[in-house]
$ cat run_4.pdb   # PDB, C-alpha atoms
ATOM      1  CA  MET U 536      20.669 212.544  91.296
ATOM      2  CA  ASN U 537      19.919 214.996  94.093
ATOM      3  CA  LYS U 538      16.499 215.665  95.603
ATOM      4  CA  LYS U 539      15.790 218.820  93.577
ATOM      5  CA  THR U 540      16.668 217.055  90.322
ATOM      6  CA  PHE U 541      14.375 214.109  91.145
ATOM      7  CA  VAL U 542      11.429 216.361  92.013
ATOM      8  CA  GLY U 543      12.007 218.419  88.874
ATOM      9  CA  LEU U 544      12.022 215.353  86.612
ATOM     10  CA  THR U 545       8.864 214.070  88.270
ATOM     11  CA  LEU U 546       6.974 217.332  87.664
ATOM     12  CA  LEU U 547       8.297 217.578  84.113
ATOM     13  CA  SER U 548       7.151 214.031  83.343
ATOM     14  CA  LEU U 549       3.653 214.747  84.611
ATOM     15  CA  LEU U 550       3.434 217.955  82.540
ATOM     16  CA  LEU U 551       4.607 216.194  79.388
ATOM     17  CA  ILE U 552       2.129 213.348  79.612
ATOM     18  CA  ALA U 553      -0.852 215.457  80.692
ATOM     19  CA  PRO U 554      -1.876 216.312  77.091
ATOM     20  CA  LEU U 555      -1.854 212.583  76.220
ATOM     21  CA  LYS U 556      -4.783 211.754  78.478
ATOM     22  CA  MET U 557      -7.578 209.866  76.789
ATOM     23  CA  GLU U 558     -11.180 209.388  77.783
ATOM     24  CA  ALA U 559     -10.237 205.970  79.163
ATOM     25  CA  SER U 560      -7.546 207.493  81.366
ATOM     26  CA  ALA U 561      -7.985 207.185  85.115
ATOM     27  CA  PHE U 562      -6.147 207.662  88.362
ATOM     28  CA  LYS U 563      -5.290 204.584  90.385
ATOM     29  CA  PHE U 564      -4.380 204.676  94.069
ATOM     30  CA  ARG U 565      -2.360 201.721  95.386
ATOM     31  CA  ILE U 566      -1.638 200.944  99.030
ATOM     32  CA  PHE U 567       0.410 197.913 100.026
ATOM     33  CA  GLY U 568       2.273 196.169 102.802
ATOM     34  CA  GLY U 569       4.534 193.171 103.168
ATOM     35  CA  GLY U 570       7.959 191.898 104.111
ATOM     36  CA  ILE U 571      11.414 192.712 102.830
ATOM     37  CA  TYR U 572      14.800 191.021 102.707
ATOM     38  CA  LEU U 573      17.705 193.468 102.374
ATOM     39  CA  GLN U 574      21.463 192.991 102.166
ATOM     40  CA  GLY U 575      22.558 195.384 104.923
ATOM     41  CA  GLY U 576      26.051 195.918 103.504
ATOM     42  CA  ASP U 577      28.647 197.393 105.864
ATOM     43  CA  LEU U 578      26.109 197.481 108.704
ATOM     44  CA  ASN U 579      26.185 193.680 108.930
ATOM     45  CA  SER U 580      29.891 193.373 108.123
ATOM     46  CA  GLY U 581      30.720 195.969 110.788
ATOM     47  CA  LEU U 582      28.498 194.456 113.488
ATOM     48  CA  GLN U 583      29.980 191.039 112.717
ATOM     49  CA  GLY U 584      33.358 192.699 113.278
ATOM     50  CA  TRP U 585      32.192 194.068 116.645
ATOM     51  CA  THR U 586      31.295 190.495 117.590
ATOM     52  CA  ASP U 587      34.590 188.990 116.410
ATOM     53  CA  TYR U 588      36.677 191.672 118.117
ATOM     54  CA  TRP U 589      34.985 191.576 121.512
ATOM     55  CA  LYS U 590      34.806 187.791 121.626
ATOM     56  CA  ALA U 591      38.547 187.601 120.997
ATOM     57  CA  TYR U 592      39.291 190.417 123.464
ATOM     58  CA  ARG U 593      37.176 188.893 126.255
ATOM     59  CA  ASN U 594      38.795 185.513 125.653
ATOM     60  CA  LEU U 595      42.193 187.183 126.090
ATOM     61  CA  GLN U 596      40.944 188.578 129.439
ATOM     62  CA  GLY U 597      40.018 185.098 130.667
ATOM     63  CA  TYR U 598      36.323 185.028 129.706
ATOM     64  CA  THR U 599      36.712 181.710 127.947
ATOM     65  CA  GLN U 600      33.111 180.495 128.280
ATOM     66  CA  GLN U 601      31.098 182.425 125.701
ATOM     67  CA  THR U 602      27.521 182.123 124.468
ATOM     68  CA  GLY U 603      25.608 183.949 121.750
ATOM     69  CA  SER U 604      26.118 184.598 118.049
ATOM     70  CA  PHE U 605      25.651 187.534 115.715
ATOM     71  CA  ASN U 606      22.253 187.928 114.011
ATOM     72  CA  PRO U 607      22.509 189.990 110.816
ATOM     73  CA  VAL U 608      19.928 192.621 109.856
ATOM     74  CA  HIS U 609      18.056 191.236 106.853
ATOM     75  CA  PHE U 610      14.289 190.890 107.349
ATOM     76  CA  GLY U 611      11.863 193.730 107.905
ATOM     77  CA  LEU U 612       8.737 195.650 106.949
ATOM     78  CA  ASN U 613       7.805 197.367 103.671
ATOM     79  CA  VAL U 614       4.631 199.512 103.364
ATOM     80  CA  GLY U 615       3.691 202.328 101.021
ATOM     81  CA  GLY U 616       1.552 203.597  98.182
ATOM     82  CA  ASP U 617       1.463 204.948  94.626
ATOM     83  CA  VAL U 618      -0.700 207.299  92.604
ATOM     84  CA  ILE U 619      -0.836 206.098  88.983
ATOM     85  CA  LEU U 620      -2.029 208.065  85.965
ATOM     86  CA  GLN U 621      -3.388 205.504  83.480
ATOM     87  CA  LEU U 622      -2.177 206.847  80.103
ATOM     88  CA  SER U 623      -3.664 204.006  78.031
ATOM     89  CA  PRO U 624      -5.077 200.525  78.664
ATOM     90  CA  HIS U 625      -1.497 199.233  78.915
ATOM     91  CA  TRP U 626       0.667 202.080  80.241
ATOM     92  CA  GLY U 627       0.718 204.181  83.388
ATOM     93  CA  LEU U 628       3.001 206.629  85.165
ATOM     94  CA  GLY U 629       3.141 206.618  88.944
ATOM     95  CA  VAL U 630       4.572 208.599  91.826
ATOM     96  CA  GLY U 631       4.714 207.187  95.334
ATOM     97  CA  THR U 632       6.560 206.597  98.527
ATOM     98  CA  GLU U 633       7.408 203.719 100.854
ATOM     99  CA  TYR U 634       8.606 203.011 104.362
ATOM    100  CA  ILE U 635      11.299 200.348 104.752
ATOM    101  CA  MET U 636      12.495 199.156 108.176
ATOM    102  CA  ALA U 637      14.596 196.241 109.405
ATOM    103  CA  THR U 638      16.145 195.621 112.821
ATOM    104  CA  LYS U 639      17.841 192.781 114.690
ATOM    105  CA  SER U 640      19.546 192.355 118.057
ATOM    106  CA  SER U 641      22.168 189.898 119.271
ATOM    107  CA  VAL U 642      22.746 188.797 122.885
ATOM    108  CA  PHE U 643      26.050 187.513 124.294
ATOM    109  CA  ALA U 644      27.396 186.334 127.640
ATOM    110  CA  PHE U 645      31.100 186.063 128.553
ATOM    111  CA  GLN U 646      31.962 183.968 131.617
ATOM    112  CA  SER U 647      35.242 183.840 133.545
ATOM    113  CA  LEU U 648      35.986 181.917 136.733
ATOM    114  CA  THR U 649      34.582 184.730 138.884
ATOM    115  CA  LYS U 650      32.462 187.026 136.720
ATOM    116  CA  GLN U 651      29.956 187.177 133.863
ATOM    117  CA  ILE U 652      29.576 189.996 131.343
ATOM    118  CA  ASN U 653      26.314 190.396 129.402
ATOM    119  CA  TRP U 654      26.448 192.263 126.104
ATOM    120  CA  ASN U 655      23.683 193.259 123.670
ATOM    121  CA  ILE U 656      24.143 194.805 120.236
ATOM    122  CA  LEU U 657      21.468 196.077 117.843
ATOM    123  CA  GLY U 658      21.378 197.179 114.231
ATOM    124  CA  LYS U 659      18.474 199.058 112.635
ATOM    125  CA  VAL U 660      17.897 200.633 109.216
ATOM    126  CA  GLN U 661      15.039 202.746 107.872
ATOM    127  CA  ALA U 662      14.418 204.370 104.494
ATOM    128  CA  VAL U 663      11.684 206.467 102.863
ATOM    129  CA  PRO U 664      12.063 206.666  99.056
ATOM    130  CA  ALA U 665      10.163 209.147  96.895
ATOM    131  CA  LYS U 666       9.568 207.154  93.683
ATOM    132  CA  LEU U 667       8.821 207.683  90.010
ATOM    133  CA  SER U 668       7.684 204.500  88.205
ATOM    134  CA  VAL U 669       6.455 203.328  84.810
ATOM    135  CA  PHE U 670       3.718 200.647  84.871
ATOM    136  CA  TYR U 671       2.805 198.175  82.135
ATOM    137  CA  PHE U 672      -0.551 196.335  82.380
ATOM    138  CA  MET U 673      -1.047 193.087  80.478
ATOM    139  CA  PRO U 674      -4.599 191.681  80.796
ATOM    140  CA  VAL U 675      -4.807 187.890  80.977
ATOM    141  CA  LYS U 676      -8.542 187.578  81.611
ATOM    142  CA  ASP U 677     -11.352 190.058  82.206
ATOM    143  CA  SER U 678     -10.612 190.009  85.934
ATOM    144  CA  LEU U 679      -6.860 189.246  85.958
ATOM    145  CA  THR U 680      -3.936 191.445  84.849
ATOM    146  CA  ILE U 681      -0.166 190.993  84.935
ATOM    147  CA  VAL U 682       1.513 194.212  86.121
ATOM    148  CA  ILE U 683       5.168 195.068  85.464
ATOM    149  CA  HIS U 684       6.738 198.239  86.828
ATOM    150  CA  ALA U 685      10.165 199.831  87.137
ATOM    151  CA  GLY U 686      11.629 203.155  88.156
ATOM    152  CA  ALA U 687      13.912 205.172  90.406
ATOM    153  CA  GLY U 688      13.659 206.785  93.812
ATOM    154  CA  TYR U 689      15.354 209.318  96.055
ATOM    155  CA  TYR U 690      15.989 207.727  99.455
ATOM    156  CA  SER U 691      16.113 209.389 102.865
ATOM    157  CA  ALA U 692      17.690 206.793 105.144
ATOM    158  CA  LYS U 693      18.586 206.341 108.809
ATOM    159  CA  THR U 694      20.571 203.770 110.750
ATOM    160  CA  ARG U 695      21.074 203.031 114.436
ATOM    161  CA  LEU U 696      23.749 200.881 116.111
ATOM    162  CA  GLU U 697      23.704 200.076 119.819
ATOM    163  CA  SER U 698      26.199 198.393 122.125
ATOM    164  CA  LEU U 699      24.925 197.832 125.679
ATOM    165  CA  THR U 700      26.713 196.004 128.482
ATOM    166  CA  ASP U 701      26.271 195.509 132.216
ATOM    167  CA  VAL U 702      29.993 196.012 132.916
ATOM    168  CA  ASP U 703      29.058 199.638 133.615
ATOM    169  CA  PRO U 704      25.259 200.158 133.697
ATOM    170  CA  ASN U 705      25.772 203.914 133.151
ATOM    171  CA  MET U 706      27.455 203.394 129.776
ATOM    172  CA  GLU U 707      25.362 203.163 126.604
ATOM    173  CA  TYR U 708      27.095 203.385 123.225
ATOM    174  CA  ILE U 709      24.557 204.470 120.591
ATOM    175  CA  ILE U 710      25.126 205.662 117.005
ATOM    176  CA  ASP U 711      22.417 207.481 115.020
ATOM    177  CA  ALA U 712      23.182 208.551 111.444
ATOM    178  CA  SER U 713      21.326 209.522 108.265
ATOM    179  CA  ALA U 714      22.020 209.888 104.539
ATOM    180  CA  GLN U 715      20.304 210.425 101.187
ATOM    181  CA  GLY U 716      20.810 208.811  97.810
ATOM    182  CA  THR U 717      19.308 207.302  94.676
ATOM    183  CA  GLY U 718      18.009 203.779  94.168
ATOM    184  CA  PHE U 719      16.230 201.732  91.499
ATOM    185  CA  HIS U 720      13.386 199.212  91.630
ATOM    186  CA  GLY U 721      11.389 196.819  89.470
ATOM    187  CA  GLY U 722       8.449 194.555  90.167
ATOM    188  CA  LEU U 723       6.159 191.866  88.764
ATOM    189  CA  GLY U 724       2.689 191.132  90.083
ATOM    190  CA  LEU U 725      -0.880 189.973  89.537
ATOM    191  CA  GLU U 726      -3.885 192.273  89.878
ATOM    192  CA  LEU U 727      -7.339 190.744  90.500
ATOM    193  CA  LYS U 728     -10.531 192.688  89.868
ATOM    194  CA  LEU U 729     -12.833 192.558  92.904
ATOM    195  CA  SER U 730     -15.343 195.140  91.652
ATOM    196  CA  THR U 731     -15.528 197.968  89.106
ATOM    197  CA  GLY U 732     -13.396 200.321  91.191
ATOM    198  CA  VAL U 733     -11.466 198.015  93.521
ATOM    199  CA  HIS U 734      -8.693 195.538  92.683
ATOM    200  CA  PHE U 735      -6.475 193.307  94.832
ATOM    201  CA  PHE U 736      -2.826 192.697  93.929
ATOM    202  CA  ILE U 737       0.206 190.713  95.022
ATOM    203  CA  GLU U 738       3.715 191.382  93.732
ATOM    204  CA  GLY U 739       7.405 190.759  94.105
ATOM    205  CA  VAL U 740       9.770 193.746  93.941
ATOM    206  CA  GLY U 741      13.535 193.886  93.518
ATOM    207  CA  ARG U 742      15.525 196.911  94.654
ATOM    208  CA  TYR U 743      19.029 198.314  94.256
ATOM    209  CA  ALA U 744      19.901 201.062  96.747
ATOM    210  CA  SER U 745      23.345 201.131  98.349
ATOM    211  CA  LEU U 746      23.779 204.416 100.236
ATOM    212  CA  SER U 747      26.853 206.067 101.748
ATOM    213  CA  GLY U 748      27.708 209.419 103.325
ATOM    214  CA  PHE U 749      25.948 208.732 106.633
ATOM    215  CA  LYS U 750      26.433 211.543 109.157
ATOM    216  CA  GLY U 751      25.173 211.707 112.713
ATOM    217  CA  LYS U 752      26.033 211.441 116.378
ATOM    218  CA  THR U 753      27.521 208.973 118.814
ATOM    219  CA  SER U 754      26.120 209.166 122.358
ATOM    220  CA  ILE U 755      27.674 207.595 125.442
ATOM    221  CA  THR U 756      25.601 207.958 128.603
ATOM    222  CA  GLY U 757      27.729 209.600 131.261
ATOM    223  CA  ASP U 758      30.522 210.430 128.825
ATOM    224  CA  GLY U 759      29.096 212.940 126.333
ATOM    225  CA  SER U 760      28.629 212.717 122.556
ATOM    226  CA  TRP U 761      30.239 213.761 119.281
ATOM    227  CA  ASP U 762      29.241 214.335 115.656
ATOM    228  CA  GLY U 763      30.907 212.595 112.756
ATOM    229  CA  LYS U 764      30.632 210.378 109.706
ATOM    230  CA  LEU U 765      30.026 206.629 109.586
ATOM    231  CA  TYR U 766      33.129 204.699 108.426
ATOM    232  CA  TYR U 767      33.863 201.053 107.720
ATOM    233  CA  TRP U 768      37.349 199.538 107.812
ATOM    234  CA  GLU U 769      39.257 196.311 108.245
ATOM    235  CA  ALA U 770      42.036 195.916 110.781
ATOM    236  CA  THR U 771      44.245 193.408 112.577
ATOM    237  CA  LYS U 772      45.258 193.024 116.207
ATOM    238  CA  SER U 773      47.757 190.785 117.966
ATOM    239  CA  PHE U 774      44.888 188.664 119.332
ATOM    240  CA  ILE U 775      42.678 188.591 116.201
ATOM    241  CA  ASP U 776      43.241 188.295 112.460
ATOM    242  CA  ASN U 777      41.628 190.543 109.879
ATOM    243  CA  TYR U 778      38.188 191.790 111.008
ATOM    244  CA  GLY U 779      35.713 194.426 109.815
ATOM    245  CA  TYR U 780      34.543 197.338 111.937
ATOM    246  CA  ILE U 781      32.009 200.169 111.709
ATOM    247  CA  ASP U 782      31.985 203.349 113.780
ATOM    248  CA  LEU U 783      31.058 207.017 113.643
ATOM    249  CA  LEU U 784      34.162 209.202 113.864
ATOM    250  CA  VAL U 785      35.124 212.846 113.358
ATOM    251  CA  SER U 786      37.748 211.708 110.814
ATOM    252  CA  PRO U 787      38.730 208.327 109.335
ATOM    253  CA  PRO U 788      41.109 206.160 111.418
ATOM    254  CA  THR U 789      44.783 206.311 110.437
ATOM    255  CA  VAL U 790      46.390 203.843 112.865
ATOM    256  CA  PRO U 791      48.802 201.247 111.357
ATOM    257  CA  SER U 792      46.500 198.315 112.195
ATOM    258  CA  VAL U 793      43.845 199.603 109.739
ATOM    259  CA  ASN U 794      44.184 197.956 106.325
ATOM    260  CA  PHE U 795      41.752 200.200 104.460
ATOM    261  CA  VAL U 796      38.937 202.584 105.318
ATOM    262  CA  ARG U 797      35.930 204.009 103.458
ATOM    263  CA  GLU U 798      32.601 205.682 104.107
ATOM    264  CA  ALA U 799      30.225 202.987 105.314
ATOM    265  CA  LYS U 800      27.682 201.757 102.760
ATOM    266  CA  ILE U 801      24.273 200.647 104.045
ATOM    267  CA  ASP U 802      22.744 198.392 101.414
ATOM    268  CA  PHE U 803      18.954 198.450 101.093
ATOM    269  CA  SER U 804      19.138 196.253  97.981
ATOM    270  CA  GLY U 805      16.975 193.162  98.179
ATOM    271  CA  LEU U 806      13.532 191.692  97.589
ATOM    272  CA  SER U 807      10.029 192.509  98.846
ATOM    273  CA  LEU U 808       6.867 190.425  98.745
ATOM    274  CA  ARG U 809       3.768 192.530  99.305
ATOM    275  CA  ALA U 810       0.020 192.704  98.753
ATOM    276  CA  GLY U 811      -2.439 195.551  98.573
ATOM    277  CA  ILE U 812      -5.543 197.223  97.217
ATOM    278  CA  VAL U 813      -5.995 199.383  94.103
ATOM    279  CA  VAL U 814      -8.769 202.004  94.050
ATOM    280  CA  ILE U 815      -9.661 203.326  90.562
ATOM    281  CA  LEU U 816     -11.237 206.743  90.050
TER     282      LEU U 816
END

$ encode --input "run_4.pdb" --output "structure tokens"
Amino acid sequence: MNKKTFVGLTLLSLLLIAPLKMEASAFKFRIFGGGIYLQGGDLNSGLQGWTDYWKAYRNLQGYTQQTGSFNPVHFGLNVGGDVILQLSPHWGLGVGTEYIMATKSSVFAFQSLTKQINWNILGKVQAVPAKLSVFYFMPVKDSLTIVIHAGAGYYSAKTRLESLTDVDPNMEYIIDASAQGTGFHGGLGLELKLSTGVHFFIEGVGRYASLSGFKGKTSITGDGSWDGKLYYWEATKSFIDNYGYIDLLVSPPTVPSVNFVREAKIDFSGLSLRAGIVVIL
């Protein structure tokens, strides 16, 4: 589903349900915030491969005393909002958007008999989905309602990978790339009536959104930059067994040591726990 198709379906849905409005119909505005756990996909597998490769390579160079371990990108922030058209006491149709962000850095030190190398790596992902959702409201008491919702979204996503070392302070290896794609979501929550027009809610949301086709730029301070596509592959070297790797290249690698290669997939699939306020008009 491309962006134009998603927007078209959203507008069509709103036009089709407009005649069904009843006197009890109302607009609800939801705003929320909370935390998210996401899978990360090839971002984490590739950064783990960076770690495995450079640890083995530095050990081969005589940097046998090594500290630090890889920290995967999993936990982050999830904020957003929805506008819901209440079609009946139990059903609603909503459009909305969110901001999803997760980042994590890892710090390493490699020590030889005469020298120490410090190395930092960072992974970051961001996504802004435009969503269409169906809501089902199941009252439990006068002031308490169970809310179930599900739908699809069109995601605009970005990722950043950094590799910084003090071997050459003028060298910074930074990858910035972006992609778009479709994802799906579903949630279950409780909505508590605070007053006639204001409710409080808490909910858990599951998401499936694994995106590929990331394009962008690699920048190396003092050594230029290039455009390309983000790839993931597995390879072997004489000093290390099979390891994963992620990089932005003009074309996929074809060297004999590469076992297979594909467009990198950044996986935003995961769980969110969030709370917010509903304003009813």

$ resolve_selection --input "run_4.pdb" --expression "the PyMOL selection byres ((chain U and resi 707-714) around 10)" --output "PyMOL selection string"
chain U and resi 656-662+690-701+703-706+715-716+746-758+760-765+782-783+801

$ resolve_selection --input "run_4.pdb" --expression "the PyMOL selection byres ((chain U and resi 738) around 10)" --output "short mmCIF file (atom, residue, chain, number, x, y, z; two decimals) with C-alpha atoms, in the frame of the given file"
data_model
loop_
_atom_site.label_atom_id
_atom_site.label_comp_id
_atom_site.auth_asym_id
_atom_site.auth_seq_id
_atom_site.Cartn_x
_atom_site.Cartn_y
_atom_site.Cartn_z
CA PHE U 567 0.41 197.91 100.03
CA GLY U 569 4.53 193.17 103.17
CA ILE U 681 -0.17 190.99 84.94
CA VAL U 682 1.51 194.21 86.12
CA ILE U 683 5.17 195.07 85.46
CA GLY U 722 8.45 194.56 90.17
CA LEU U 723 6.16 191.87 88.76
CA GLY U 724 2.69 191.13 90.08
CA LEU U 725 -0.88 189.97 89.54
CA GLU U 726 -3.88 192.27 89.88
CA PHE U 736 -2.83 192.70 93.93
CA ILE U 737 0.21 190.71 95.02
CA GLY U 739 7.40 190.76 94.10
CA VAL U 740 9.77 193.75 93.94
CA SER U 807 10.03 192.51 98.85
CA LEU U 808 6.87 190.42 98.74
CA ARG U 809 3.77 192.53 99.30
CA ALA U 810 0.02 192.70 98.75
CA GLY U 811 -2.44 195.55 98.57
#

$ closest_residue --input "run_4.pdb" --among "U:Leu582, U:Ala799, U:Ile781, U:Ile815" --to "Pro607 of chain U" --atoms "all atoms listed in the file"
U:Leu582

$ residues_around --input "run_4.pdb" --residues "Gly779 of chain U" --least-positions-apart "5" --cutoff "6 Å" --atoms "only C-alpha atoms" --output "PyMOL selection string"
chain U and resi 581+584+768-769

$ write_last_selection --input "run_4.pdb" --atoms "C-alpha atoms" --output "PDB file, in the frame of the given file"
ATOM      1  CA  GLY U 581      30.720 195.969 110.788  1.00  0.00           C
ATOM      2  CA  GLY U 584      33.358 192.699 113.278  1.00  0.00           C
ATOM      3  CA  TRP U 768      37.349 199.538 107.812  1.00  0.00           C
ATOM      4  CA  GLU U 769      39.257 196.311 108.245  1.00  0.00           C
TER       5      GLU U 769
END

$ atom_distance --input "run_4.pdb" --atom1 "atom CA of Leu806 of chain U" --atom2 "atom CA of Gly741 of chain U"
4.6 Å

$ closest_residue --input "run_4.pdb" --among "U:Leu816, U:Thr731, U:Lys800, U:Ala644" --to "Leu620 of chain U" --atoms "all atoms listed in the file"
U:Leu816

$ closest_residue --input "run_4.pdb" --among "U:Val669, U:Lys676, U:Asn579, U:Gln621" --to "Lys639 of chain U" --atoms "all atoms listed in the file"
U:Asn579

$ atom_distance --input "run_4.pdb" --atom1 "atom CA of Leu622 of chain U" --atom2 "atom CA of Ala561 of chain U"
7.7 Å

$ atom_distance --input "run_4.pdb" --atom1 "atom CA of Gly688 of chain U" --atom2 "atom CA of Ser580 of chain U"
25.5 Å

$ decode --input "run_4.pdb" --residues "segment 758-774 of chain U" --atoms "N, CA, C and O atoms" --output "mmCIF file, in the first residue's frame"
data_model
loop_
_atom_site.group_PDB
_atom_site.id
_atom_site.type_symbol
_atom_site.label_atom_id
_atom_site.label_comp_id
_atom_site.auth_asym_id
_atom_site.auth_seq_id
_atom_site.Cartn_x
_atom_site.Cartn_y
_atom_site.Cartn_z
ATOM 1 N N ASP U 758 36.665 12.762 4.706
ATOM 2 C CA ASP U 758 36.842 11.817 3.606
ATOM 3 C C ASP U 758 35.597 11.725 2.727
ATOM 4 O O ASP U 758 35.376 10.740 2.046
ATOM 5 N N GLY U 759 34.737 12.769 2.757
ATOM 6 C CA GLY U 759 33.624 12.838 1.830
ATOM 7 C C GLY U 759 32.408 12.027 2.262
ATOM 8 O O GLY U 759 32.274 11.605 3.409
ATOM 9 N N SER U 760 31.500 11.792 1.289
ATOM 10 C CA SER U 760 30.261 11.065 1.544
ATOM 11 C C SER U 760 29.798 10.415 0.253
ATOM 12 O O SER U 760 30.287 10.727 -0.836
ATOM 13 N N TRP U 761 28.813 9.497 0.376
ATOM 14 C CA TRP U 761 28.226 8.882 -0.800
ATOM 15 C C TRP U 761 26.785 8.473 -0.486
ATOM 16 O O TRP U 761 26.410 8.246 0.662
ATOM 17 N N ASP U 762 25.970 8.412 -1.547
ATOM 18 C CA ASP U 762 24.586 7.974 -1.428
ATOM 19 C C ASP U 762 24.491 6.483 -1.730
ATOM 20 O O ASP U 762 25.302 5.931 -2.485
ATOM 21 N N GLY U 763 23.480 5.840 -1.174
ATOM 22 C CA GLY U 763 23.317 4.424 -1.441
ATOM 23 C C GLY U 763 22.096 3.860 -0.756
ATOM 24 O O GLY U 763 21.206 4.578 -0.306
ATOM 25 N N LYS U 764 22.066 2.541 -0.673
ATOM 26 C CA LYS U 764 20.967 1.810 -0.051
ATOM 27 C C LYS U 764 21.525 0.986 1.110
ATOM 28 O O LYS U 764 22.668 0.523 1.076
ATOM 29 N N LEU U 765 20.692 0.821 2.135
ATOM 30 C CA LEU U 765 21.117 0.092 3.335
ATOM 31 C C LEU U 765 20.954 -1.406 3.095
ATOM 32 O O LEU U 765 19.856 -1.895 2.789
ATOM 33 N N TYR U 766 22.083 -2.151 3.239
ATOM 34 C CA TYR U 766 22.090 -3.605 3.039
ATOM 35 C C TYR U 766 22.500 -4.314 4.323
ATOM 36 O O TYR U 766 23.233 -3.779 5.153
ATOM 37 N N TYR U 767 22.009 -5.554 4.426
ATOM 38 C CA TYR U 767 22.447 -6.450 5.511
ATOM 39 C C TYR U 767 22.970 -7.727 4.866
ATOM 40 O O TYR U 767 22.382 -8.233 3.905
ATOM 41 N N TRP U 768 24.072 -8.262 5.416
ATOM 42 C CA TRP U 768 24.605 -9.522 4.907
ATOM 43 C C TRP U 768 25.333 -10.259 6.014
ATOM 44 O O TRP U 768 25.578 -9.728 7.102
ATOM 45 N N GLU U 769 25.645 -11.503 5.736
ATOM 46 C CA GLU U 769 26.470 -12.318 6.622
ATOM 47 C C GLU U 769 27.721 -12.723 5.868
ATOM 48 O O GLU U 769 27.682 -12.965 4.656
ATOM 49 N N ALA U 770 28.831 -12.780 6.585
ATOM 50 C CA ALA U 770 30.120 -13.045 5.941
ATOM 51 C C ALA U 770 31.031 -13.810 6.893
ATOM 52 O O ALA U 770 30.728 -13.980 8.085
ATOM 53 N N THR U 771 32.144 -14.259 6.367
ATOM 54 C CA THR U 771 33.172 -14.939 7.163
ATOM 55 C C THR U 771 34.528 -14.345 6.819
ATOM 56 O O THR U 771 34.762 -13.871 5.704
ATOM 57 N N LYS U 772 35.415 -14.346 7.809
ATOM 58 C CA LYS U 772 36.795 -13.934 7.626
ATOM 59 C C LYS U 772 37.699 -14.999 8.233
ATOM 60 O O LYS U 772 37.250 -15.870 8.990
ATOM 61 N N SER U 773 38.989 -14.899 7.924
ATOM 62 C CA SER U 773 39.929 -15.890 8.464
ATOM 63 C C SER U 773 40.021 -15.811 9.977
ATOM 64 O O SER U 773 40.308 -16.810 10.644
ATOM 65 N N PHE U 774 39.733 -14.638 10.564
ATOM 66 C CA PHE U 774 39.869 -14.460 12.007
ATOM 67 C C PHE U 774 38.527 -14.451 12.739
ATOM 68 O O PHE U 774 38.484 -14.248 13.955
#
